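Remarks on the structure that follows.
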Amino acid sequence: MKKIGILGGSFDPVHSGHVGLARDALAQAGLDRVLLIPARLQPFKQDRMPASGEDRMEMLRLALAGEERIEPCSYELDQEGVSYTYLTLRAMQERFGPDSRICFITGTDSILKLDTWMHAEELLTTYSFIVGSRPGYEDEELDRCVRRLKETYGTEILVIRNEQFDISATEIRERLASGAPAGDLIPQAVEDYIRSRGLYSGRTINDRGFAYIKEHLKESRLVHTCRVADEAAALARRFGADPAKAVTASIFHDMAKNLTREEMNRQVRTFGLDPKYIDNPNLAHSKIARCLMERDFGIGDQDILNAVSYHTTGRAGMSLLEKVVFLADGIEPGRIYPSVDVIRDLARTDLDKACLCMLERTVGYLKKKGAFIDTDTTDALAYLKDKRDPEREEKEHA
Ligand code: DGI
Ligand code: FE
Ligand code: FE
């Protein structure tokens with residue numbers, strides 16, 4: 001019977017820990033081959049753009065060039081959509097045939113959580129497991145887990161000693177971004193490839209957002225955006241929100257503002273947004289911005305995304321960050337309208353009151369114009385009004 005080791009991961013980038021674990025598994029578990037299978041990553045779940053599948057495969061090829069019986073496999077990248085381990089292992093069993101034993105190689109953290117994976121029971125009853133564990137790390141917990149899985153499912157689990165598996169890819173990316181050499185954390189050929197391709201070059205999400213709006217916005221809109229960012233950072237510090245998130249949300253908030261009406265309508269359809277945003281650029285630009293941030297910038301932080309998505313209307317239950325961006329947009333120093341100074345005054349001490357005042361003004365203005373008022377706008381107004389009453393009572397009774 002052939003024994004095939006499967007090591008999955010994002011490999012973004014592959015590092016010495018992965019290679020070391022593959023080698024250790026090959027030797028200590030008597031495997032015939034080990035396949036490293038990079039996952040298709042979901043950029044919207046990350047706060048940065050992952051390297052492309054091709055780049056991650058190429059890095060694996062370079063890292064494994066000198067290895068015998070250890071090779072990359074693009075199976076998951078070749079599938080449509082995101083893969084699940086149980087489907088990948090089924091496919092590998094199929095590929096290598098019933099005479100092969102599929103051994104899933106994993107770290108301590110993953111095996112401890114394996115119960116929660118899709119089709120965990122199938123995984124645990126069908127395949128063998130090889131756990132690379134760093135001595136001293138969660139030893140007892142791992143022991144207990146292995147015994148329990150063996151008793152419950154009859155799973156064959158081999159624990160092997162491996163020092164390096166938990167090298168942090170984040171740390172590697174940060175080192176590379178700062179220009180520092182990665183040392184022996186990644187193979188030299190991989191490091192050379194990363195540099196030649198400009199991967200992990202450390203352009204922050206703000207830099208990338210800024211480059212985008214510089215290209216896509218009129219100058220006056222760009223200036224407005226920068227003022228919103230400054231104002232939002234100040235409000236965030238004042239009211240205890242995260243200034244860095246406030247700045248990121250501000251940079252992106254009007255990124256779709258200068259699209260033509262036709263382009264906006266097309267984007268509303270492309271992203272499957274509510275048809276009420278058709279022919280309503282004032283409302284559509286915020287919703288489109290959120291979608292672009294997720295799809296094209298890999299921004300997954302829901303608070304940042306919501307701050308952008310609701311910067312025009314607000315909404316019931318809006319978060320601290322959402323209020324900060326909403327208010328900053330309305331009171332940045334370039335804004336001129338009758339009640340703006342009243343709102344700026346309120347913004348010095350009372351975030352909710354300032355937001356409420358701004359909403360009241362907007363609704364009044366929209367009503368006068370006879371414009372369509374989004375339910376999010378009226379809900380936000382009602383929410384902030386309601387919220388004020390008990391607060392006032394509390395203060396009066398104090
Ligand atoms: O993008 P900005 O110009 O910086 O400002 P914004 O996104 O806050 O607002 C854009 C416009 O949208 C502004 O004139 C007010 C308007 N607006 C706010 N709430 C609603 C709305 N327009 C409609 N039709 N319905 C709303 O509920
Ligand atoms: Fe806007
Ligand atoms: Fe704006």
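Just remember, in the structure tokens the first chain shown is A, the second B, etc., residues are 1-based per chain, and ligands are 1-based in the order shown.
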Quiz item: Residues at most 12 Å from Leu142 (chain A), counting only C-alpha atoms, excluding those fewer than 3 positions away in the same chain, as an MDAnalysis selection string?
Solution: chainID A and resid 107:114 131:139 145:149 157:160
Written selection (C-alpha atoms) as a PDB file, in the first residue's frame:
```pdb
ATOM      1  CA  GLY A 107      -0.351  21.249  12.670  1.00  0.00           C
ATOM      2  CA  THR A 108      -1.468  20.998  16.283  1.00  0.00           C
ATOM      3  CA  ASP A 109      -3.972  23.844  16.052  1.00  0.00           C
ATOM      4  CA  SER A 110      -5.814  22.297  13.120  1.00  0.00           C
ATOM      5  CA  ILE A 111      -6.151  18.834  14.603  1.00  0.00           C
ATOM      6  CA  LEU A 112      -7.539  20.322  17.811  1.00  0.00           C
ATOM      7  CA  LYS A 113     -10.292  21.949  15.765  1.00  0.00           C
ATOM      8  CA  LEU A 114     -10.848  19.164  13.265  1.00  0.00           C
ATOM      9  CA  VAL A 131       0.378  15.953  13.170  1.00  0.00           C
ATOM     10  CA  GLY A 132       3.502  18.063  13.242  1.00  0.00           C
ATOM     11  CA  SER A 133       3.789  19.272  16.802  1.00  0.00           C
ATOM     12  CA  ARG A 134       6.309  21.587  18.357  1.00  0.00           C
ATOM     13  CA  PRO A 135       7.556  20.012  21.590  1.00  0.00           C
ATOM     14  CA  GLY A 136       5.992  21.717  24.571  1.00  0.00           C
ATOM     15  CA  TYR A 137       3.176  23.326  22.611  1.00  0.00           C
ATOM     16  CA  GLU A 138      -0.282  22.202  23.749  1.00  0.00           C
ATOM     17  CA  ASP A 139       1.239  18.792  24.524  1.00  0.00           C
ATOM     18  CA  CYS A 145      -7.418  15.033  21.474  1.00  0.00           C
ATOM     19  CA  VAL A 146      -5.540  12.228  19.734  1.00  0.00           C
ATOM     20  CA  ARG A 147      -6.810   9.659  22.239  1.00  0.00           C
ATOM     21  CA  ARG A 148     -10.387  10.903  21.902  1.00  0.00           C
ATOM     22  CA  LEU A 149     -10.345  10.831  18.096  1.00  0.00           C
ATOM     23  CA  ILE A 157      -2.977   9.572  13.988  1.00  0.00           C
ATOM     24  CA  LEU A 158       0.780   9.875  14.060  1.00  0.00           C
ATOM     25  CA  VAL A 159       2.293  12.739  16.017  1.00  0.00           C
ATOM     26  CA  ILE A 160       5.694  13.782  14.735  1.00  0.00           C
TER      27      ILE A 160
END
```
Self-check item: Tyr212 (chain A) surroundings by only C-alpha atoms, 10 Å radius, close-in-sequence under 4 positions cut, as a ChimeraX atom specification
Solution: /A:206-208,216-217,251-252,255
Saved selection, atoms kept: N, CA and C atoms, as a CSV table (one decimal), in the first residue's frame:
```csv
chain,number,residue,atom,x,y,z
A,206,ASN,N,-3.9,51.5,2.4
A,206,ASN,CA,-4.2,52.9,2.3
A,206,ASN,C,-3.5,53.5,1.0
A,207,ASP,N,-2.2,53.0,0.8
A,207,ASP,CA,-1.5,53.5,-0.4
A,207,ASP,C,-2.2,53.0,-1.6
A,208,ARG,N,-2.7,51.8,-1.6
A,208,ARG,CA,-3.4,51.3,-2.8
A,208,ARG,C,-4.7,52.0,-3.0
A,216,HIS,N,-9.1,57.8,-10.2
A,216,HIS,CA,-10.5,57.8,-10.5
A,216,HIS,C,-11.4,58.9,-10.1
A,217,LEU,N,-10.8,59.8,-9.2
A,217,LEU,CA,-11.7,60.9,-8.7
A,217,LEU,C,-11.2,62.3,-9.3
A,251,ILE,N,-10.6,57.0,3.0
A,251,ILE,CA,-9.9,57.0,1.7
A,251,ILE,C,-10.8,56.3,0.6
A,252,PHE,N,-11.5,55.3,1.0
A,252,PHE,CA,-12.3,54.6,0.0
A,252,PHE,C,-13.7,55.1,-0.1
A,255,MET,N,-14.9,56.4,-3.5
A,255,MET,CA,-14.1,55.9,-4.6
A,255,MET,C,-15.0,55.7,-5.9
```
Quiz prompt | strand (DSSP E or B) positions in region 20-160 of chain A, given as a ChimeraX atom specification | solution = /A:33-38,70-72,100-107,128-133,157-160
Self-check item: Polymer residues at most 12 Å from Asn282 (chain A), only C-alpha atoms, same-chain spacing of 2 or more positions, as a VMD selection string
Solution: chain A and resid 254 256 to 261 264 to 265 276 to 280 284 to 289 309 to 313 366 371 to 374
Output for the residues just chosen: C-alpha atoms as an mmCIF file, in the first residue's frame:
```cif
data_model
loop_
_atom_site.group_PDB
_atom_site.id
_atom_site.type_symbol
_atom_site.label_atom_id
_atom_site.label_comp_id
_atom_site.auth_asym_id
_atom_site.auth_seq_id
_atom_site.Cartn_x
_atom_site.Cartn_y
_atom_site.Cartn_z
ATOM 1 C CA ASP A 254 -16.224 58.056 -2.275
ATOM 2 C CA ALA A 256 -17.132 55.293 -6.863
ATOM 3 C CA LYS A 257 -18.434 58.846 -6.723
ATOM 4 C CA ASN A 258 -17.168 59.967 -10.126
ATOM 5 C CA LEU A 259 -18.459 57.029 -12.129
ATOM 6 C CA THR A 260 -20.948 58.041 -14.808
ATOM 7 C CA ARG A 261 -24.609 57.238 -14.187
ATOM 8 C CA MET A 264 -22.992 53.143 -11.668
ATOM 9 C CA ASN A 265 -26.116 51.400 -12.929
ATOM 10 C CA LYS A 276 -33.560 50.884 -5.675
ATOM 11 C CA TYR A 277 -29.987 52.102 -6.239
ATOM 12 C CA ILE A 278 -30.492 52.232 -10.004
ATOM 13 C CA ASP A 279 -30.446 55.839 -11.190
ATOM 14 C CA ASN A 280 -29.659 57.003 -7.669
ATOM 15 C CA ALA A 284 -25.334 53.817 -5.155
ATOM 16 C CA HIS A 285 -21.798 55.202 -4.824
ATOM 17 C CA SER A 286 -21.467 54.022 -1.202
ATOM 18 C CA LYS A 287 -22.751 50.527 -1.939
ATOM 19 C CA ILE A 288 -20.551 50.131 -5.006
ATOM 20 C CA ALA A 289 -17.534 51.334 -3.023
ATOM 21 C CA SER A 309 -21.470 51.355 2.842
ATOM 22 C CA TYR A 310 -23.506 53.533 5.229
ATOM 23 C CA HIS A 311 -21.565 56.781 4.984
ATOM 24 C CA THR A 312 -24.372 58.475 3.041
ATOM 25 C CA THR A 313 -27.438 57.231 4.924
ATOM 26 C CA LEU A 366 -34.383 65.618 0.817
ATOM 27 C CA ALA A 371 -36.129 63.029 -3.308
ATOM 28 C CA PHE A 372 -36.387 59.328 -2.535
ATOM 29 C CA ILE A 373 -35.376 58.783 1.065
ATOM 30 C CA ASP A 374 -33.712 55.476 1.827
#
```
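Nearest to Leu356 (chain A) of all the residues A:Ala211, A:Ile4, A:Val342, A:Leu41 is A:Val342, counting only C-alpha atoms.
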Practice problem: Using DSSP on the backbone, list every residue of region 55-134 of chain A that comes out as alpha helix (DSSP H), and give them as a ChimeraX atom specification. | Solution: /A:55-63,75-78,85-96,108-113,120-126
Practice problem: Quote the spacing between CA of Ala27 (chain A) and CA of Phe129 (chain A) in Å to one decimal place. | Solution: 14.7 Å
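For ligand 3, the neighbouring protein, DNA and RNA residues, which are those within 8 Å when only C-alpha atoms and all ligand atoms are counted, are A:Arg221, A:His224, A:Thr225, A:Val228, A:Ser250, A:His253, A:Asp254, A:His311, A:Thr312, A:Asp329, A:Gly330.
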Quiz prompt | Between CA of Leu77 (chain A) and CA of Met57 (chain A), distance in Å (one decimal) | solution = 9.0 Å
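CA of Asp389 (chain A) to CA of Ala249 (chain A) spans 29.9 Å [interatomic distance, one decimal].
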Practice problem: Find the spatial neighbours of region 115-120 of chain A, counting only C-alpha atoms, within a cut-off of 8 Å - ignore same-chain residues fewer than 3 positions away - and output them as a VMD selection string. | Solution: chain A and resid 84 to 86 112 123 to 124
Saved selection, atoms kept: N, CA, C and O atoms, as a PDB file, in the first residue's frame:
```pdb
ATOM      1  N   TYR A  84     -13.037  22.314  -0.060  1.00  0.00           N
ATOM      2  CA  TYR A  84     -13.046  21.803   1.296  1.00  0.00           C
ATOM      3  C   TYR A  84     -12.109  20.609   1.353  1.00  0.00           C
ATOM      4  O   TYR A  84     -11.989  19.864   0.381  1.00  0.00           O
ATOM      5  N   THR A  85     -11.489  20.437   2.502  1.00  0.00           N
ATOM      6  CA  THR A  85     -10.516  19.360   2.641  1.00  0.00           C
ATOM      7  C   THR A  85     -11.132  18.008   2.284  1.00  0.00           C
ATOM      8  O   THR A  85     -10.506  17.195   1.605  1.00  0.00           O
ATOM      9  N   TYR A  86     -12.369  17.780   2.722  1.00  0.00           N
ATOM     10  CA  TYR A  86     -12.956  16.464   2.469  1.00  0.00           C
ATOM     11  C   TYR A  86     -13.086  16.185   0.968  1.00  0.00           C
ATOM     12  O   TYR A  86     -12.909  15.056   0.519  1.00  0.00           O
ATOM     13  N   LEU A 112      -6.711  20.040  16.637  1.00  0.00           N
ATOM     14  CA  LEU A 112      -7.539  20.322  17.811  1.00  0.00           C
ATOM     15  C   LEU A 112      -8.928  20.798  17.399  1.00  0.00           C
ATOM     16  O   LEU A 112      -9.896  20.630  18.121  1.00  0.00           O
ATOM     17  N   LEU A 123     -13.786  12.599   7.271  1.00  0.00           N
ATOM     18  CA  LEU A 123     -12.338  12.794   7.305  1.00  0.00           C
ATOM     19  C   LEU A 123     -11.697  11.846   8.313  1.00  0.00           C
ATOM     20  O   LEU A 123     -10.718  11.166   8.021  1.00  0.00           O
ATOM     21  N   LEU A 124     -12.291  11.814   9.508  1.00  0.00           N
ATOM     22  CA  LEU A 124     -11.664  11.089  10.614  1.00  0.00           C
ATOM     23  C   LEU A 124     -11.780   9.574  10.473  1.00  0.00           C
ATOM     24  O   LEU A 124     -10.988   8.821  11.037  1.00  0.00           O
TER      25      LEU A 124
END
```
Quiz item: Which polymer residues have any atom within 9 Å of an atom of Leu384 (chain A), counting only C-alpha atoms, with same-chain residues fewer than 3 positions away left out, as a PyMOL selection string?
Solution: chain A and resi 316-317+352-353+355-356+379-381+387-388
Self-check item: Test item: residues at most 9 Å from Ser74 (chain A), only C-alpha atoms, excluding those fewer than 5 positions along its chain, as JSON, numbers by chain
Solution: {"A": [36, 37, 38, 39, 53, 57, 79]}
Writer output for current selection, N, CA, C and O atoms, as a CSV table (one decimal), in the first residue's frame:
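Dumped everything to result.csv:
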```csv
chain,number,residue,atom,x,y,z
A,36,LEU,N,2.0,19.2,-1.7
A,36,LEU,CA,1.6,20.5,-1.1
A,36,LEU,C,0.5,21.1,-1.9
A,36,LEU,O,0.8,21.4,-3.1
A,37,ILE,N,-0.6,21.3,-1.4
A,37,ILE,CA,-1.8,21.8,-2.2
A,37,ILE,C,-2.2,23.2,-1.7
A,37,ILE,O,-2.9,23.3,-0.6
A,38,PRO,N,-1.9,24.2,-2.4
A,38,PRO,CA,-2.3,25.6,-2.0
A,38,PRO,C,-3.8,25.7,-2.2
A,38,PRO,O,-4.4,25.3,-3.1
A,39,ALA,N,-4.4,26.4,-1.2
A,39,ALA,CA,-5.9,26.6,-1.2
A,39,ALA,C,-6.2,27.9,-2.1
A,39,ALA,O,-5.4,28.8,-2.2
A,53,GLY,N,-2.8,32.6,-7.2
A,53,GLY,CA,-2.6,31.2,-7.2
A,53,GLY,C,-1.4,30.8,-8.0
A,53,GLY,O,-0.6,29.9,-7.6
A,57,MET,N,1.9,28.9,-6.5
A,57,MET,CA,2.3,27.6,-7.1
A,57,MET,C,3.8,27.8,-7.5
A,57,MET,O,4.6,26.8,-7.3
A,79,GLN,N,-9.9,24.0,-9.2
A,79,GLN,CA,-11.4,23.9,-9.0
A,79,GLN,C,-12.0,25.2,-9.1
A,79,GLN,O,-11.4,26.3,-8.8
```
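Proximity of A:Val340, A:Leu283, A:Leu351, A:Ala233 to Thr375 (chain A), computed with only C-alpha atoms, is greatest for A:Leu283.
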Exercise. For Leu7 (chain A), work out the shell of residues within 9 Å, counting only C-alpha atoms and skipping chain neighbours fewer than 6 positions away, then give it as a VMD selection string.
Key: chain A and resid 18 21 to 22 34 to 38 103 to 106
Produce a file of the selected residues containing all heavy atoms, as a short mmCIF file (atom, residue, chain, number, x, y, z; two decimals), in the first residue's frame.
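In the end it all went to result-v1.cif:
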```cif
data_model
loop_
_atom_site.label_atom_id
_atom_site.label_comp_id
_atom_site.auth_asym_id
_atom_site.auth_seq_id
_atom_site.Cartn_x
_atom_site.Cartn_y
_atom_site.Cartn_z
N HIS A 18 6.95 24.78 6.21
CA HIS A 18 6.18 23.85 5.37
C HIS A 18 7.09 22.77 4.81
O HIS A 18 6.76 21.58 4.84
CB HIS A 18 5.53 24.59 4.19
CG HIS A 18 4.61 25.70 4.59
ND1 HIS A 18 4.75 26.98 4.11
CD2 HIS A 18 3.53 25.73 5.40
CE1 HIS A 18 3.80 27.75 4.60
NE2 HIS A 18 3.04 27.01 5.39
N LEU A 21 8.22 20.35 7.51
CA LEU A 21 7.16 19.42 7.93
C LEU A 21 6.96 18.34 6.87
O LEU A 21 6.79 17.16 7.21
CB LEU A 21 5.85 20.18 8.18
CG LEU A 21 4.65 19.34 8.63
CD1 LEU A 21 4.97 18.57 9.91
CD2 LEU A 21 3.41 20.21 8.84
N ALA A 22 6.99 18.74 5.61
CA ALA A 22 6.84 17.76 4.53
C ALA A 22 7.97 16.72 4.60
O ALA A 22 7.72 15.52 4.48
CB ALA A 22 6.83 18.47 3.17
N VAL A 34 4.74 13.29 -0.90
CA VAL A 34 3.99 14.34 -0.21
C VAL A 34 3.59 15.39 -1.25
O VAL A 34 4.42 15.83 -2.04
CB VAL A 34 4.82 15.01 0.91
CG1 VAL A 34 4.02 16.15 1.54
CG2 VAL A 34 5.22 14.00 1.97
N LEU A 35 2.30 15.75 -1.22
CA LEU A 35 1.82 16.81 -2.10
C LEU A 35 1.47 18.04 -1.27
O LEU A 35 0.78 17.94 -0.26
CB LEU A 35 0.56 16.36 -2.86
CG LEU A 35 0.64 15.12 -3.74
CD1 LEU A 35 -0.66 14.98 -4.53
CD2 LEU A 35 1.84 15.18 -4.68
N LEU A 36 1.97 19.19 -1.69
CA LEU A 36 1.59 20.45 -1.06
C LEU A 36 0.53 21.12 -1.94
O LEU A 36 0.79 21.40 -3.12
CB LEU A 36 2.81 21.36 -0.89
CG LEU A 36 3.68 21.06 0.35
CD1 LEU A 36 4.33 19.71 0.24
CD2 LEU A 36 4.72 22.15 0.57
N ILE A 37 -0.64 21.32 -1.38
CA ILE A 37 -1.77 21.81 -2.17
C ILE A 37 -2.23 23.18 -1.70
O ILE A 37 -2.86 23.30 -0.65
CB ILE A 37 -2.96 20.81 -2.09
CG1 ILE A 37 -2.49 19.40 -2.46
CG2 ILE A 37 -4.10 21.27 -2.98
CD1 ILE A 37 -3.60 18.37 -2.54
N PRO A 38 -1.89 24.23 -2.44
CA PRO A 38 -2.32 25.57 -2.02
C PRO A 38 -3.82 25.74 -2.17
O PRO A 38 -4.41 25.28 -3.15
CB PRO A 38 -1.56 26.52 -2.96
CG PRO A 38 -1.13 25.69 -4.12
CD PRO A 38 -1.05 24.26 -3.66
N CYS A 103 -2.85 10.36 3.69
CA CYS A 103 -2.50 10.85 5.03
C CYS A 103 -2.51 12.36 5.03
O CYS A 103 -1.74 12.98 4.29
CB CYS A 103 -1.11 10.36 5.43
SG CYS A 103 -0.90 8.58 5.29
N PHE A 104 -3.38 12.93 5.82
CA PHE A 104 -3.48 14.38 5.86
C PHE A 104 -2.51 14.94 6.90
O PHE A 104 -2.54 14.54 8.06
CB PHE A 104 -4.92 14.79 6.19
CG PHE A 104 -5.16 16.26 6.04
CD1 PHE A 104 -5.10 16.87 4.80
CD2 PHE A 104 -5.45 17.05 7.15
CE1 PHE A 104 -5.32 18.23 4.65
CE2 PHE A 104 -5.67 18.42 7.01
CZ PHE A 104 -5.60 19.00 5.76
N ILE A 105 -1.64 15.82 6.45
CA ILE A 105 -0.62 16.38 7.33
C ILE A 105 -1.09 17.72 7.86
O ILE A 105 -1.57 18.58 7.10
CB ILE A 105 0.71 16.58 6.56
CG1 ILE A 105 1.14 15.27 5.90
CG2 ILE A 105 1.80 17.10 7.49
CD1 ILE A 105 2.28 15.43 4.90
N THR A 106 -0.98 17.92 9.16
CA THR A 106 -1.52 19.14 9.75
C THR A 106 -0.70 19.57 10.96
O THR A 106 0.16 18.85 11.43
CB THR A 106 -3.01 18.94 10.12
OG1 THR A 106 -3.36 19.82 11.15
CG2 THR A 106 -3.26 17.56 10.64
#
```
Quiz item: Using only C-alpha atoms and all ligand atoms, which of the listed residues (A:Met59, A:Val82, A:Leu327, A:Ile70) sits closest to ligand 1?
Solution: A:Leu327
